[in-house]
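Shown next: upload_39.cif, given as mmCIF, C-alpha atoms.
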```
data_coords
#
loop_
_atom_site.group_PDB
_atom_site.id
_atom_site.type_symbol
_atom_site.label_atom_id
_atom_site.label_comp_id
_atom_site.auth_asym_id
_atom_site.auth_seq_id
_atom_site.Cartn_x
_atom_site.Cartn_y
_atom_site.Cartn_z
ATOM 1 C CA MET T 1 13.202 8.750 5.748
ATOM 2 C CA SER T 2 11.250 6.834 8.353
ATOM 3 C CA VAL T 3 7.984 8.332 9.493
ATOM 4 C CA PRO T 4 6.634 6.778 12.697
ATOM 5 C CA VAL T 5 3.057 5.560 12.705
ATOM 6 C CA PRO T 6 1.205 7.310 15.512
ATOM 7 C CA THR T 7 0.252 4.907 18.292
ATOM 8 C CA GLU T 8 -1.348 7.428 20.628
ATOM 9 C CA GLY T 9 -2.507 11.002 20.742
ATOM 10 C CA PRO T 10 -5.077 12.790 18.602
ATOM 11 C CA TRP T 11 -4.745 10.502 15.529
ATOM 12 C CA LEU T 12 -5.764 7.225 17.180
ATOM 13 C CA ASP T 13 -8.269 6.243 19.809
ATOM 14 C CA GLU T 14 -8.037 2.814 21.438
ATOM 15 C CA ALA T 15 -11.770 2.161 21.164
ATOM 16 C CA ALA T 16 -12.587 4.020 17.941
ATOM 17 C CA GLY T 17 -9.404 3.386 15.947
ATOM 18 C CA ARG T 18 -8.201 5.920 13.379
ATOM 19 C CA LEU T 19 -9.784 9.318 14.018
ATOM 20 C CA ILE T 20 -8.857 10.761 10.636
ATOM 21 C CA ARG T 21 -11.404 9.605 8.072
ATOM 22 C CA PRO T 22 -10.072 8.063 4.849
ATOM 23 C CA TYR T 23 -11.627 10.739 2.628
ATOM 24 C CA THR T 24 -9.621 13.327 4.564
ATOM 25 C CA VAL T 25 -6.384 11.460 3.878
ATOM 26 C CA SER T 26 -7.079 11.475 0.135
ATOM 27 C CA GLY T 27 -8.306 15.064 0.081
ATOM 28 C CA GLY T 28 -11.820 13.892 -0.728
ATOM 29 C CA ARG T 29 -10.695 12.215 -3.948
ATOM 30 C CA THR T 30 -12.044 8.761 -4.721
ATOM 31 C CA ARG T 31 -10.240 8.023 -7.985
ATOM 32 C CA PRO T 32 -6.490 7.846 -8.559
ATOM 33 C CA ALA T 33 -5.003 9.783 -11.475
ATOM 34 C CA THR T 34 -3.210 6.587 -12.546
ATOM 35 C CA ALA T 35 -4.781 3.152 -12.986
ATOM 36 C CA LEU T 36 -3.378 0.770 -10.376
ATOM 37 C CA ASP T 37 -4.194 -2.890 -9.902
ATOM 38 C CA LEU T 38 -4.177 -4.592 -6.482
ATOM 39 C CA LEU T 39 -1.136 -6.592 -7.588
ATOM 40 C CA THR T 40 0.773 -3.671 -9.114
ATOM 41 C CA LEU T 41 4.229 -3.572 -7.538
ATOM 42 C CA VAL T 42 5.332 -0.270 -6.045
ATOM 43 C CA ARG T 43 8.898 0.803 -5.218
ATOM 44 C CA ALA T 44 10.375 4.028 -3.835
ATOM 45 C CA THR T 45 12.739 5.922 -6.130
ATOM 46 C CA GLY T 46 14.685 7.694 -3.408
ATOM 47 C CA THR T 47 13.087 11.048 -4.205
ATOM 48 C CA ALA T 48 11.430 12.592 -1.155
ATOM 49 C CA PRO T 49 7.758 13.502 -1.538
ATOM 50 C CA PRO T 50 6.941 17.226 -1.461
ATOM 51 C CA PRO T 51 6.254 18.605 2.017
ATOM 52 C CA HIS T 52 2.635 19.515 1.179
ATOM 53 C CA LEU T 53 1.727 15.815 1.012
ATOM 54 C CA GLY T 54 0.492 14.234 4.239
ATOM 55 C CA PRO T 55 2.174 11.814 6.659
ATOM 56 C CA GLU T 56 0.459 8.850 5.013
ATOM 57 C CA HIS T 57 2.312 9.665 1.800
ATOM 58 C CA ALA T 58 5.625 9.607 3.660
ATOM 59 C CA GLN T 59 4.690 6.325 5.351
ATOM 60 C CA ALA T 60 3.862 4.791 1.964
ATOM 61 C CA VAL T 61 7.238 5.843 0.551
ATOM 62 C CA ASP T 62 8.970 4.408 3.595
ATOM 63 C CA LEU T 63 7.123 1.097 3.164
ATOM 64 C CA CYS T 64 8.072 0.884 -0.506
ATOM 65 C CA ARG T 65 11.846 0.708 -0.039
ATOM 66 C CA GLY T 66 11.435 -2.838 -1.313
ATOM 67 C CA PRO T 67 8.767 -3.730 -3.860
ATOM 68 C CA LEU T 68 5.287 -4.158 -2.384
ATOM 69 C CA SER T 69 1.925 -4.670 -4.022
ATOM 70 C CA VAL T 70 -0.749 -1.997 -3.773
ATOM 71 C CA ALA T 71 -2.777 -4.364 -1.575
ATOM 72 C CA GLU T 72 0.158 -4.808 0.832
ATOM 73 C CA VAL T 73 0.701 -1.054 1.103
ATOM 74 C CA ALA T 74 -3.005 -0.587 1.904
ATOM 75 C CA ALA T 75 -2.820 -3.276 4.585
ATOM 76 C CA HIS T 76 0.269 -1.748 6.219
ATOM 77 C CA LEU T 77 -1.245 1.745 6.172
ATOM 78 C CA GLU T 78 -4.566 0.354 7.437
ATOM 79 C CA LEU T 79 -6.397 2.347 4.773
ATOM 80 C CA PRO T 80 -8.964 1.297 2.177
ATOM 81 C CA VAL T 81 -7.417 0.274 -1.140
ATOM 82 C CA THR T 82 -9.141 3.119 -2.988
ATOM 83 C CA VAL T 83 -7.581 5.712 -0.679
ATOM 84 C CA THR T 84 -4.198 3.987 -0.946
ATOM 85 C CA LYS T 85 -4.395 4.095 -4.746
ATOM 86 C CA VAL T 86 -5.023 7.861 -4.588
ATOM 87 C CA LEU T 87 -1.994 8.321 -2.302
ATOM 88 C CA LEU T 88 0.207 6.165 -4.529
ATOM 89 C CA SER T 89 -0.983 8.049 -7.595
ATOM 90 C CA ASP T 90 0.099 11.311 -5.923
ATOM 91 C CA LEU T 91 3.505 9.791 -5.207
ATOM 92 C CA MET T 92 3.877 8.612 -8.799
ATOM 93 C CA ALA T 93 3.101 12.127 -10.045
ATOM 94 C CA CYS T 94 5.912 13.635 -7.970
ATOM 95 C CA GLY T 95 8.395 10.873 -8.853
ATOM 96 C CA ALA T 96 8.701 9.421 -5.334
ATOM 97 C CA ILE T 97 7.648 5.918 -6.448
ATOM 98 C CA THR T 98 7.610 3.794 -9.571
ATOM 99 C CA THR T 99 5.219 1.008 -10.415
ATOM 100 C CA ARG T 100 5.282 -2.057 -12.576
ATOM 101 C CA PRO T 101 2.770 -4.762 -13.332
ATOM 102 C CA PRO T 102 3.115 -7.960 -11.314
ATOM 103 C CA ASP T 103 5.128 -10.823 -12.727
ATOM 104 C CA SER T 104 2.875 -12.823 -14.959
ATOM 105 C CA PHE T 105 2.526 -16.531 -14.618
ATOM 106 C CA ASP T 106 2.407 -18.692 -17.711
ATOM 107 C CA ASN T 107 -0.130 -20.987 -16.087
ATOM 108 C CA PRO T 108 -2.013 -19.545 -13.098
ATOM 109 C CA THR T 109 -3.415 -22.982 -12.281
ATOM 110 C CA ASP T 110 0.040 -24.553 -12.095
ATOM 111 C CA ARG T 111 -0.005 -27.133 -9.291
ATOM 112 C CA PHE T 112 3.425 -26.069 -7.972
ATOM 113 C CA LEU T 113 2.285 -22.447 -7.690
ATOM 114 C CA LEU T 114 -0.962 -23.349 -5.960
ATOM 115 C CA GLU T 115 0.852 -25.597 -3.470
ATOM 116 C CA ALA T 116 3.356 -22.828 -2.704
ATOM 117 C CA VAL T 117 0.509 -20.388 -2.014
ATOM 118 C CA LEU T 118 -1.238 -22.931 0.203
ATOM 119 C CA ASP T 119 1.994 -23.620 2.146
ATOM 120 C CA GLY T 120 2.523 -19.877 2.657
ATOM 121 C CA LEU T 121 -1.011 -19.429 3.941
ATOM 122 C CA ARG T 122 -0.612 -22.346 6.337
ATOM 123 C CA ARG T 123 2.594 -20.828 7.753
ATOM 124 C CA GLN T 124 0.736 -17.567 8.411
ATOM 125 C CA LEU T 125 -1.952 -19.307 10.456
#
```
What is this file in structure tokens?
Amino acid sequence: MSVPVPTEGPWLDEAAGRLIRPYTVSGGRTRPATALDLLTLVRATGTAPPPHLGPEHAQAVDLCRGPLSVAEVAAHLELPVTVTKVLLSDLMACGAITTRPPDSFDNPTDRFLLEAVLDGLRRQL
């Protein structure tokens, strides 16, 4: 179920960007029904979201075919994290996605881990 991201038309304006305000996408809600961390991993279950949910919900499910963090989903959807958490909470309620806490590290200041993060950031630049 691949939902295309609109690149033209009434949803986007080249100068203004997204014309639909984030509070509209979340139905005016500012708090998710489920507590989600930025690093919480999200994965689609294969269950289609109900049709009454918006296109952003379908895009989020499509993105989550492989595990992604909440922060990554927000970045791909180009929505604030708070709005993304509300959308993901909706999807959890209908069974379209599952979540799990991120893998924990025994020592978050491990030199090997920090060097790997630094190398990844350098490759992105």
Who sits within 12 Å of T:Leu36, only C-alpha atoms, same chain under 2 positions skipped, as a PyMOL selection string: chain T and resi 31-34+38-42+69-71+81-90+92+98-102
Given all atoms listed in the file as the counted atoms, nearest of T:Glu72, T:Ala93, T:Gln124, T:Glu115 to T:Asp37: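 With all atoms listed in the file as the atom set, the closest residue is T:Glu72.
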Interatomic distance (Å, one decimal) between atom CA of T:Gln59 and atom CA of T:Thr47: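 That distance, rounded to one decimal, is 13.6 Å.
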Residue with smallest distance to T:Arg43 - pool T:Cys64, T:Ala96, T:Ala58, T:Leu77, counting all atoms listed in the file: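 Going through T:Cys64, T:Ala96, T:Ala58, T:Leu77 one by one, the smallest distance to T:Arg43 is for T:Cys64.
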Fewer than 2 positions away in the same chain doesn't count, so skip those; otherwise give me all residues within 12 Å of T:His52, counting all atoms listed in the file, as a short mmCIF file (atom, residue, chain, number, x, y, z; two decimals) with C-alpha atoms, in the frame of the given file.
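Dumped to selection-v1.cif:
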```cif
data_model
loop_
_atom_site.label_atom_id
_atom_site.label_comp_id
_atom_site.auth_asym_id
_atom_site.auth_seq_id
_atom_site.Cartn_x
_atom_site.Cartn_y
_atom_site.Cartn_z
CA GLY T 27 -8.31 15.06 0.08
CA ALA T 48 11.43 12.59 -1.16
CA PRO T 49 7.76 13.50 -1.54
CA PRO T 50 6.94 17.23 -1.46
CA GLY T 54 0.49 14.23 4.24
CA PRO T 55 2.17 11.81 6.66
CA GLU T 56 0.46 8.85 5.01
CA HIS T 57 2.31 9.66 1.80
CA ALA T 58 5.62 9.61 3.66
CA ASP T 90 0.10 11.31 -5.92
CA LEU T 91 3.50 9.79 -5.21
CA CYS T 94 5.91 13.64 -7.97
#
```
For atom CA of T:Ala44 and atom CA of T:Leu68, the interatomic separation in Å (one decimal):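 Here the two named atoms are 9.7 Å from each other.
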Residue among T:Arg111, T:Leu63, T:Gly120, T:Ala35 lying closest to T:Ala75, counting only C-alpha atoms: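 For T:Ala75, the nearest of the given residues is T:Leu63.
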Atom pair atom CA of T:Leu118 / atom CA of T:Val73: separation (Å): 22.0 Å
